[in-house]
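*Asks:* If it helps, the file is called coords32.cif and holds mmCIF, C-alpha atoms and all ligand atoms:
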```cif
data_coords
loop_
_atom_site.group_PDB
_atom_site.id
_atom_site.type_symbol
_atom_site.label_atom_id
_atom_site.label_comp_id
_atom_site.auth_asym_id
_atom_site.auth_seq_id
_atom_site.Cartn_x
_atom_site.Cartn_y
_atom_site.Cartn_z
ATOM 1 C CA MET H 128 0.000 0.000 0.000
ATOM 2 C CA ASN H 129 1.097 3.566 -0.690
ATOM 3 C CA ARG H 130 0.172 6.632 1.309
ATOM 4 C CA ILE H 131 -0.954 9.487 -0.934
ATOM 5 C CA ARG H 132 -1.985 13.029 -0.289
ATOM 6 C CA VAL H 133 -4.239 14.704 -2.862
ATOM 7 C CA ARG H 134 -6.156 17.955 -2.889
ATOM 8 C CA VAL H 135 -9.548 17.307 -4.482
ATOM 9 C CA ASP H 136 -11.978 20.129 -5.195
ATOM 10 C CA GLY H 137 -10.151 22.266 -2.664
ATOM 11 C CA THR H 138 -10.058 19.721 0.177
ATOM 12 C CA GLU H 139 -6.942 17.843 1.268
ATOM 13 C CA TYR H 140 -7.226 14.038 1.499
ATOM 14 C CA GLU H 141 -4.723 11.478 2.736
ATOM 15 C CA ASP H 142 -5.224 7.768 2.154
ATOM 16 C CA GLU H 143 -3.575 4.382 1.710
ATOM 17 C CA VAL H 144 -4.018 2.987 -1.799
ATOM 18 C CA GLU H 145 -2.847 0.003 -3.751
ATOM 19 C CA PRO H 146 -0.366 0.978 -6.475
ATOM 20 C CA ARG H 147 -2.759 -0.368 -9.126
ATOM 21 C CA LEU H 148 -5.769 1.701 -8.009
ATOM 22 C CA LEU H 149 -7.009 4.000 -10.786
ATOM 23 C CA LEU H 150 -7.532 7.660 -10.038
ATOM 24 C CA VAL H 151 -11.155 7.433 -11.183
ATOM 25 C CA SER H 152 -11.816 4.613 -8.709
ATOM 26 C CA PHE H 153 -10.147 6.560 -5.922
ATOM 27 C CA LEU H 154 -12.273 9.614 -6.712
ATOM 28 C CA ARG H 155 -15.507 7.665 -6.970
ATOM 29 C CA ASP H 156 -15.177 4.923 -4.359
ATOM 30 C CA ARG H 157 -13.136 6.661 -1.675
ATOM 31 C CA LEU H 158 -14.157 10.294 -2.082
ATOM 32 C CA GLY H 159 -17.680 10.030 -3.501
ATOM 33 C CA ARG H 160 -16.875 12.054 -6.636
ATOM 34 C CA THR H 161 -19.240 9.933 -8.722
ATOM 35 C CA GLY H 162 -19.557 12.698 -11.294
ATOM 36 C CA ALA H 163 -16.365 11.249 -12.767
ATOM 37 C CA THR H 164 -18.192 8.464 -14.565
ATOM 38 C CA ILE H 165 -16.723 5.302 -16.073
ATOM 39 C CA GLY H 166 -17.949 4.729 -19.596
ATOM 40 C CA CYS H 167 -15.215 2.495 -20.937
ATOM 41 C CA ASP H 168 -12.234 2.162 -18.571
ATOM 42 C CA THR H 169 -9.941 2.146 -21.604
ATOM 43 C CA GLY H 170 -9.305 5.853 -22.224
ATOM 44 C CA ASP H 171 -11.734 6.110 -25.126
ATOM 45 C CA CYS H 172 -14.920 7.842 -23.957
ATOM 46 C CA GLY H 173 -13.723 10.795 -21.839
ATOM 47 C CA SER H 174 -16.546 10.540 -19.292
ATOM 48 C CA CYS H 175 -13.995 10.307 -16.460
ATOM 49 C CA THR H 176 -12.177 13.543 -17.410
ATOM 50 C CA VAL H 177 -10.883 15.639 -14.516
ATOM 51 C CA ASP H 178 -8.327 18.393 -14.079
ATOM 52 C CA LEU H 179 -4.978 17.257 -12.643
ATOM 53 C CA ASP H 180 -2.703 20.156 -11.718
ATOM 54 C CA GLY H 181 -4.140 22.281 -14.511
ATOM 55 C CA ALA H 182 -4.151 19.608 -17.202
ATOM 56 C CA SER H 183 -7.196 17.756 -18.418
ATOM 57 C CA VAL H 184 -6.747 13.986 -17.951
ATOM 58 C CA LYS H 185 -8.834 10.869 -18.337
ATOM 59 C CA SER H 186 -8.798 9.624 -14.766
ATOM 60 C CA CYS H 187 -9.219 5.983 -15.830
ATOM 61 C CA SER H 188 -5.780 6.324 -17.450
ATOM 62 C CA VAL H 189 -4.036 7.685 -14.362
ATOM 63 C CA LEU H 190 -3.099 5.800 -11.207
ATOM 64 C CA ALA H 191 -4.106 7.260 -7.871
ATOM 65 C CA VAL H 192 -0.455 7.176 -6.778
ATOM 66 C CA GLN H 193 0.417 9.432 -9.733
ATOM 67 C CA ALA H 194 -1.838 12.091 -8.239
ATOM 68 C CA ASP H 195 0.134 12.135 -4.985
ATOM 69 C CA GLY H 196 0.935 15.739 -4.119
ATOM 70 C CA CYS H 197 -1.346 17.071 -6.871
ATOM 71 C CA ALA H 198 -4.551 19.087 -7.036
ATOM 72 C CA VAL H 199 -7.534 17.477 -8.746
ATOM 73 C CA THR H 200 -10.689 19.283 -9.786
ATOM 74 C CA THR H 201 -13.781 17.281 -10.649
ATOM 75 C CA ILE H 202 -17.201 18.385 -11.827
ATOM 76 C CA HIS H 203 -18.162 18.509 -8.126
ATOM 77 C CA GLY H 204 -15.723 21.368 -7.590
ATOM 78 C CA LEU H 205 -16.986 23.728 -10.296
ATOM 79 C CA ALA H 206 -20.027 25.330 -8.695
ATOM 80 C CA GLN H 207 -19.149 28.097 -6.274
ATOM 81 C CA ASP H 208 -21.307 29.580 -3.522
ATOM 82 C CA GLY H 209 -24.313 27.679 -4.855
ATOM 83 C CA GLU H 210 -23.813 29.096 -8.350
ATOM 84 C CA TRP H 211 -23.242 26.825 -11.323
ATOM 85 C CA HIS H 212 -20.101 27.257 -13.353
ATOM 86 C CA PRO H 213 -20.893 29.141 -16.609
ATOM 87 C CA LEU H 214 -20.388 25.923 -18.580
ATOM 88 C CA GLN H 215 -22.842 24.042 -16.363
ATOM 89 C CA ARG H 216 -25.360 26.833 -16.867
ATOM 90 C CA ALA H 217 -24.778 26.870 -20.631
ATOM 91 C CA PHE H 218 -25.232 23.088 -20.915
ATOM 92 C CA HIS H 219 -28.513 23.434 -19.061
ATOM 93 C CA GLU H 220 -29.744 26.388 -21.109
ATOM 94 C CA GLN H 221 -28.729 24.930 -24.473
ATOM 95 C CA HIS H 222 -30.181 21.469 -23.747
ATOM 96 C CA ALA H 223 -26.732 19.963 -24.243
ATOM 97 C CA LEU H 224 -27.482 16.697 -22.451
ATOM 98 C CA GLN H 225 -29.944 13.880 -22.426
ATOM 99 C CA CYS H 226 -28.927 10.997 -20.150
ATOM 100 C CA GLY H 227 -26.106 13.131 -18.713
ATOM 101 C CA PHE H 228 -23.564 10.334 -18.462
ATOM 102 C CA CYS H 229 -21.002 12.080 -20.651
ATOM 103 C CA THR H 230 -21.758 15.567 -19.350
ATOM 104 C CA PRO H 231 -19.201 15.892 -16.509
ATOM 105 C CA GLY H 232 -16.385 14.833 -18.823
ATOM 106 C CA MET H 233 -17.635 17.117 -21.597
ATOM 107 C CA ILE H 234 -17.733 20.066 -19.245
ATOM 108 C CA MET H 235 -14.277 19.355 -17.823
ATOM 109 C CA SER H 236 -12.799 19.093 -21.328
ATOM 110 C CA ALA H 237 -14.618 22.245 -22.437
ATOM 111 C CA ARG H 238 -13.316 24.070 -19.377
ATOM 112 C CA ASP H 239 -9.805 23.030 -20.315
ATOM 113 C CA LEU H 240 -10.338 24.330 -23.855
ATOM 114 C CA LEU H 241 -11.706 27.697 -22.742
ATOM 115 C CA ARG H 242 -8.791 28.230 -20.404
ATOM 116 C CA ARG H 243 -6.410 27.755 -23.325
ATOM 117 C CA ASN H 244 -8.598 29.377 -25.948
ATOM 118 C CA PRO H 245 -11.295 31.709 -24.585
ATOM 119 C CA ASP H 246 -12.796 32.391 -28.019
ATOM 120 C CA PRO H 247 -12.843 29.102 -29.948
ATOM 121 C CA SER H 248 -14.469 28.512 -33.313
ATOM 122 C CA PRO H 249 -17.094 25.754 -33.634
ATOM 123 C CA GLN H 250 -14.425 23.625 -35.314
ATOM 124 C CA GLU H 251 -11.994 24.187 -32.447
ATOM 125 C CA VAL H 252 -14.676 23.131 -29.964
ATOM 126 C CA ARG H 253 -15.307 19.947 -31.940
ATOM 127 C CA GLU H 254 -11.557 19.251 -32.095
ATOM 128 C CA ALA H 255 -11.146 19.802 -28.352
ATOM 129 C CA LEU H 256 -14.041 17.482 -27.512
ATOM 130 C CA LYS H 257 -13.132 14.705 -29.914
ATOM 131 C CA GLY H 258 -11.942 12.541 -27.018
ATOM 132 C CA ASN H 259 -15.350 12.785 -25.354
ATOM 133 C CA LEU H 260 -18.093 10.544 -26.688
ATOM 134 C CA CYS H 261 -21.824 11.161 -26.365
ATOM 135 C CA ARG H 262 -24.354 8.519 -27.346
ATOM 136 C CA CYS H 263 -27.416 10.746 -27.042
ATOM 137 C CA THR H 264 -27.172 14.309 -28.246
ATOM 138 C CA GLY H 265 -25.570 14.338 -31.672
ATOM 139 C CA TYR H 266 -23.111 16.934 -30.286
ATOM 140 C CA GLN H 267 -24.764 19.966 -31.888
ATOM 141 C CA ASN H 268 -26.102 21.416 -28.649
ATOM 142 C CA ILE H 269 -22.901 20.583 -26.786
ATOM 143 C CA VAL H 270 -20.914 22.716 -29.235
ATOM 144 C CA ARG H 271 -23.541 25.443 -28.959
ATOM 145 C CA ALA H 272 -23.302 25.373 -25.155
ATOM 146 C CA VAL H 273 -19.527 25.701 -25.158
ATOM 147 C CA LEU H 274 -19.686 28.626 -27.603
ATOM 148 C CA SER H 275 -22.386 30.227 -25.500
ATOM 149 C CA ALA H 276 -20.271 29.933 -22.332
ATOM 150 C CA ALA H 277 -17.283 31.327 -24.238
ATOM 151 C CA SER H 278 -19.237 34.310 -25.473
ATOM 152 C CA GLY H 279 -20.137 35.019 -21.837
ATOM 153 C CA ARG H 280 -16.378 35.336 -21.229
ATOM 154 C CA GLU H 281 -16.681 33.785 -17.810
ATOM 155 C CA ALA H 282 -15.828 30.171 -18.422
ATOM 156 C CA GLY H 283 -12.194 30.434 -17.342
ATOM 157 C CA ARG H 284 -13.328 30.850 -13.752
ATOM 158 C CA ALA H 285 -12.355 28.187 -11.225
HETATM 159 S S1 LIG H 301 -13.923 5.829 -18.545
HETATM 160 FE FE1 LIG H 301 -12.129 6.967 -18.830
HETATM 161 S S2 LIG H 301 -12.063 7.395 -20.946
HETATM 162 FE FE2 LIG H 301 -13.842 6.166 -20.693
HETATM 163 S S1 LIG H 302 -26.059 12.821 -22.887
HETATM 164 FE FE1 LIG H 302 -26.141 10.652 -22.871
HETATM 165 S S2 LIG H 302 -24.131 10.062 -23.413
HETATM 166 FE FE2 LIG H 302 -24.125 12.203 -23.687
#
```
Take the structure in the file and give it back as structure tokens.

*Replies:*
Amino acid sequence: MNRIRVRVDGTEYEDEVEPRLLLVSFLRDRLGRTGATIGCDTGDCGSCTVDLDGASVKSCSVLAVQADGCAVTTIHGLAQDGEWHPLQRAFHEQHALQCGFCTPGMIMSARDLLRRNPDPSPQEVREALKGNLCRCTGYQNIVRAVLSAASGREAGRA
């Protein structure tokens, strides 16, 4: 077992983990961050996307021990003072989800994009989200939601 210390959504956690434990399992099973969903477990669907020290990662492709000493932000950490993150609001307003399974990963990837590129084109949004699969929406409203959040110029928050 390895002792790790990780800051998740602003709170410090210390735990003993097996070296083979995936970050997504640590987040979900130990810390209750079930918004990081597991759609494939093979790095293909993007539903488990979280922010690891400022970089967007698929948490089923990262070991919990690799996050030792790092800061992780999940979808649970985006709302502040009871207010949705602009991307969460935009997804709601633009009807950018149906079952919602892919939504946390989509939003985390979109957040990563808007931090790097606050004014993306529709094509750039599609490029940035190509590692995130959605079986329901057909993507059109997801792209619209990201552009809408970007035009609000607030999405880089948090
Ligand atoms: S569960 Fe991680 S990419 Fe699909
Ligand atoms: S809303 Fe169902 S998978 Fe995207």

*Asks:* Could you tell me, counting all atoms listed in the file, which protein and nucleic acid residues lie no more than 6 Å from ligand LIG 301 (chain H), written as number ranges by chain?

*Replies:* H: 165-175, 185-187

*Asks:* For the point (-16.5, 33.8, -26.9) in the file's frame, write as a list in words all residues with an atom no more than 9 Å away, counting only C-alpha atoms.

*Replies:*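 Selection result: Leu241, Pro245, Asp246, Pro247, Ser248, Val273, Leu274, Ser275, Ala276, Ala277, Ser278, Gly279 and Arg280 of chain H.
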
*Asks:* Would you save the residues from that selection as a compact mmCIF listing (two decimals), in the frame of the given file, using C-alpha atoms?

*Replies:*
```txt
# COMPACT_ATOMS: atom_id res chain seq x y z
CA LEU H 241 -11.71 27.70 -22.74
CA PRO H 245 -11.30 31.71 -24.58
CA ASP H 246 -12.80 32.39 -28.02
CA PRO H 247 -12.84 29.10 -29.95
CA SER H 248 -14.47 28.51 -33.31
CA VAL H 273 -19.53 25.70 -25.16
CA LEU H 274 -19.69 28.63 -27.60
CA SER H 275 -22.39 30.23 -25.50
CA ALA H 276 -20.27 29.93 -22.33
CA ALA H 277 -17.28 31.33 -24.24
CA SER H 278 -19.24 34.31 -25.47
CA GLY H 279 -20.14 35.02 -21.84
CA ARG H 280 -16.38 35.34 -21.23
```

*Asks:* Could you jot down the CA of Cys263 (chain H) to CA of Gln221 (chain H) separation for me, Å, one decimal place?

*Replies:*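 Interatomic distance, CA of Cys263 (chain H) to CA of Gln221 (chain H): 14.5 Å.
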
*Asks:* I'd like the residues picked by the PyMOL selection byres (((chain H and resi 176) around 9) and not hetatm) written out as a count of residues only, using the chain letters and numbers from the file.

*Replies:* 22

*Asks:* Quick one: of H:Asn129, H:Ser152, H:Ser188, H:Asn268, who's nearest to ligand LIG 302 (chain H), counting all atoms listed in the file?

*Replies:*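 Residue with the minimum atom-to-atom distance to ligand LIG 302 (chain H): H:Asn268.
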
*Asks:* For region 134-136 of chain H, please output as a VMD selection string all residues within 6 Å (counting all atoms listed in the file; exclusion window: fewer than 6 positions along the same chain).

*Replies:* chain H and resid 198 to 200 204

*Asks:* One number please: CA of Gly137 (chain H) to CA of Cys197 (chain H), in Å, one decimal.

*Replies:* 11.1 Å

*Asks:* Hey, which residues come within 6 Å of ligand LIG 302 (chain H) if we count only C-alpha atoms and all ligand atoms? Could you give them as a count of residues only?

*Replies:* 11

*Asks:* Find, counting only C-alpha atoms, the residue in H:Arg238, H:Arg271, H:Arg157, H:Arg147 that gets nearest to Gly181 (chain H).

*Replies:* H:Arg238

*Asks:* Since the input is missing atoms for region 210-221 of chain H, could you rebuild it with all heavy atoms and give the result as an mmCIF file, in the coordinates of the input?

*Replies:*
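Output file out37.cif is given in full below:
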```cif
data_model
loop_
_atom_site.group_PDB
_atom_site.id
_atom_site.type_symbol
_atom_site.label_atom_id
_atom_site.label_comp_id
_atom_site.auth_asym_id
_atom_site.auth_seq_id
_atom_site.Cartn_x
_atom_site.Cartn_y
_atom_site.Cartn_z
ATOM 1 N N GLU H 210 -23.615 28.638 -6.963
ATOM 2 C CA GLU H 210 -23.813 29.096 -8.350
ATOM 3 C C GLU H 210 -23.135 28.110 -9.302
ATOM 4 O O GLU H 210 -21.959 27.781 -9.120
ATOM 5 C CB GLU H 210 -23.154 30.467 -8.561
ATOM 6 C CG GLU H 210 -23.836 31.609 -7.866
ATOM 7 C CD GLU H 210 -25.053 32.086 -8.641
ATOM 8 O OE1 GLU H 210 -24.974 32.137 -9.879
ATOM 9 O OE2 GLU H 210 -26.077 32.373 -7.997
ATOM 10 N N TRP H 211 -23.854 27.673 -10.311
ATOM 11 C CA TRP H 211 -23.242 26.825 -11.323
ATOM 12 C C TRP H 211 -22.089 27.549 -12.010
ATOM 13 O O TRP H 211 -22.117 28.778 -12.177
ATOM 14 C CB TRP H 211 -24.273 26.469 -12.388
ATOM 15 C CG TRP H 211 -25.168 25.336 -12.019
ATOM 16 C CD1 TRP H 211 -25.010 24.451 -10.988
ATOM 17 C CD2 TRP H 211 -26.376 24.963 -12.689
ATOM 18 N NE1 TRP H 211 -26.043 23.558 -10.983
ATOM 19 C CE2 TRP H 211 -26.893 23.840 -12.009
ATOM 20 C CE3 TRP H 211 -27.057 25.462 -13.795
ATOM 21 C CZ2 TRP H 211 -28.068 23.204 -12.406
ATOM 22 C CZ3 TRP H 211 -28.225 24.841 -14.192
ATOM 23 C CH2 TRP H 211 -28.724 23.721 -13.505
ATOM 24 N N HIS H 212 -21.143 26.760 -12.462
ATOM 25 C CA HIS H 212 -20.101 27.257 -13.353
ATOM 26 C C HIS H 212 -20.790 27.678 -14.667
ATOM 27 O O HIS H 212 -21.808 27.080 -15.056
ATOM 28 C CB HIS H 212 -19.103 26.124 -13.608
ATOM 29 C CG HIS H 212 -17.919 26.508 -14.417
ATOM 30 N ND1 HIS H 212 -17.953 26.578 -15.797
ATOM 31 C CD2 HIS H 212 -16.663 26.835 -14.063
ATOM 32 C CE1 HIS H 212 -16.754 26.936 -16.230
ATOM 33 N NE2 HIS H 212 -15.954 27.098 -15.199
ATOM 34 N N PRO H 213 -20.278 28.703 -15.346
ATOM 35 C CA PRO H 213 -20.893 29.141 -16.609
ATOM 36 C C PRO H 213 -21.101 28.007 -17.611
ATOM 37 O O PRO H 213 -22.093 28.006 -18.362
ATOM 38 C CB PRO H 213 -19.907 30.173 -17.144
ATOM 39 C CG PRO H 213 -19.241 30.708 -15.922
ATOM 40 C CD PRO H 213 -19.156 29.578 -14.944
ATOM 41 N N LEU H 214 -20.201 27.048 -17.647
ATOM 42 C CA LEU H 214 -20.388 25.923 -18.580
ATOM 43 C C LEU H 214 -21.554 25.042 -18.134
ATOM 44 O O LEU H 214 -22.317 24.545 -18.975
ATOM 45 C CB LEU H 214 -19.110 25.096 -18.680
ATOM 46 C CG LEU H 214 -18.072 25.620 -19.665
ATOM 47 C CD1 LEU H 214 -16.703 25.006 -19.383
ATOM 48 C CD2 LEU H 214 -18.497 25.326 -21.110
ATOM 49 N N GLN H 215 -21.703 24.839 -16.849
ATOM 50 C CA GLN H 215 -22.842 24.042 -16.363
ATOM 51 C C GLN H 215 -24.155 24.743 -16.727
ATOM 52 O O GLN H 215 -25.105 24.118 -17.195
ATOM 53 C CB GLN H 215 -22.748 23.863 -14.836
ATOM 54 C CG GLN H 215 -21.594 22.978 -14.412
ATOM 55 C CD GLN H 215 -21.424 22.922 -12.907
ATOM 56 O OE1 GLN H 215 -21.278 23.954 -12.248
ATOM 57 N NE2 GLN H 215 -21.438 21.728 -12.347
ATOM 58 N N ARG H 216 -24.156 26.056 -16.538
ATOM 59 C CA ARG H 216 -25.360 26.833 -16.867
ATOM 60 C C ARG H 216 -25.646 26.753 -18.371
ATOM 61 O O ARG H 216 -26.781 26.558 -18.805
ATOM 62 C CB ARG H 216 -25.158 28.280 -16.417
ATOM 63 C CG ARG H 216 -26.456 29.009 -16.180
ATOM 64 C CD ARG H 216 -26.296 30.267 -15.353
ATOM 65 N NE ARG H 216 -25.197 31.103 -15.786
ATOM 66 C CZ ARG H 216 -24.198 31.472 -15.004
ATOM 67 N NH1 ARG H 216 -24.141 31.078 -13.751
ATOM 68 N NH2 ARG H 216 -23.236 32.248 -15.464
ATOM 69 N N ALA H 217 -24.596 26.891 -19.169
ATOM 70 C CA ALA H 217 -24.778 26.870 -20.631
ATOM 71 C C ALA H 217 -25.274 25.499 -21.098
ATOM 72 O O ALA H 217 -26.147 25.416 -21.977
ATOM 73 C CB ALA H 217 -23.462 27.222 -21.325
ATOM 74 N N PHE H 218 -24.763 24.426 -20.525
ATOM 75 C CA PHE H 218 -25.232 23.088 -20.915
ATOM 76 C C PHE H 218 -26.722 22.944 -20.580
ATOM 77 O O PHE H 218 -27.483 22.348 -21.339
ATOM 78 C CB PHE H 218 -24.412 21.986 -20.213
ATOM 79 C CG PHE H 218 -23.216 21.539 -21.005
ATOM 80 C CD1 PHE H 218 -22.189 22.415 -21.325
ATOM 81 C CD2 PHE H 218 -23.103 20.225 -21.449
ATOM 82 C CE1 PHE H 218 -21.081 22.006 -22.063
ATOM 83 C CE2 PHE H 218 -22.004 19.794 -22.195
ATOM 84 C CZ PHE H 218 -20.990 20.688 -22.500
ATOM 85 N N HIS H 219 -27.104 23.485 -19.449
ATOM 86 C CA HIS H 219 -28.513 23.434 -19.061
ATOM 87 C C HIS H 219 -29.367 24.263 -20.033
ATOM 88 O O HIS H 219 -30.369 23.783 -20.572
ATOM 89 C CB HIS H 219 -28.654 23.956 -17.631
ATOM 90 C CG HIS H 219 -30.054 24.072 -17.142
ATOM 91 N ND1 HIS H 219 -30.849 22.970 -16.910
ATOM 92 C CD2 HIS H 219 -30.819 25.150 -16.857
ATOM 93 C CE1 HIS H 219 -32.032 23.361 -16.499
ATOM 94 N NE2 HIS H 219 -32.050 24.679 -16.464
ATOM 95 N N GLU H 220 -28.937 25.473 -20.283
ATOM 96 C CA GLU H 220 -29.744 26.388 -21.109
ATOM 97 C C GLU H 220 -29.829 25.952 -22.570
ATOM 98 O O GLU H 220 -30.826 26.181 -23.239
ATOM 99 C CB GLU H 220 -29.153 27.808 -21.021
ATOM 100 C CG GLU H 220 -29.413 28.446 -19.676
ATOM 101 C CD GLU H 220 -28.648 29.751 -19.476
ATOM 102 O OE1 GLU H 220 -27.882 30.166 -20.383
ATOM 103 O OE2 GLU H 220 -28.820 30.339 -18.402
ATOM 104 N N GLN H 221 -28.760 25.322 -23.056
ATOM 105 C CA GLN H 221 -28.729 24.930 -24.473
ATOM 106 C C GLN H 221 -29.192 23.482 -24.690
ATOM 107 O O GLN H 221 -29.028 22.943 -25.766
ATOM 108 C CB GLN H 221 -27.313 25.101 -25.044
ATOM 109 C CG GLN H 221 -26.764 26.514 -24.960
ATOM 110 C CD GLN H 221 -27.526 27.501 -25.804
ATOM 111 O OE1 GLN H 221 -28.016 27.164 -26.879
ATOM 112 N NE2 GLN H 221 -27.659 28.728 -25.319
#
```
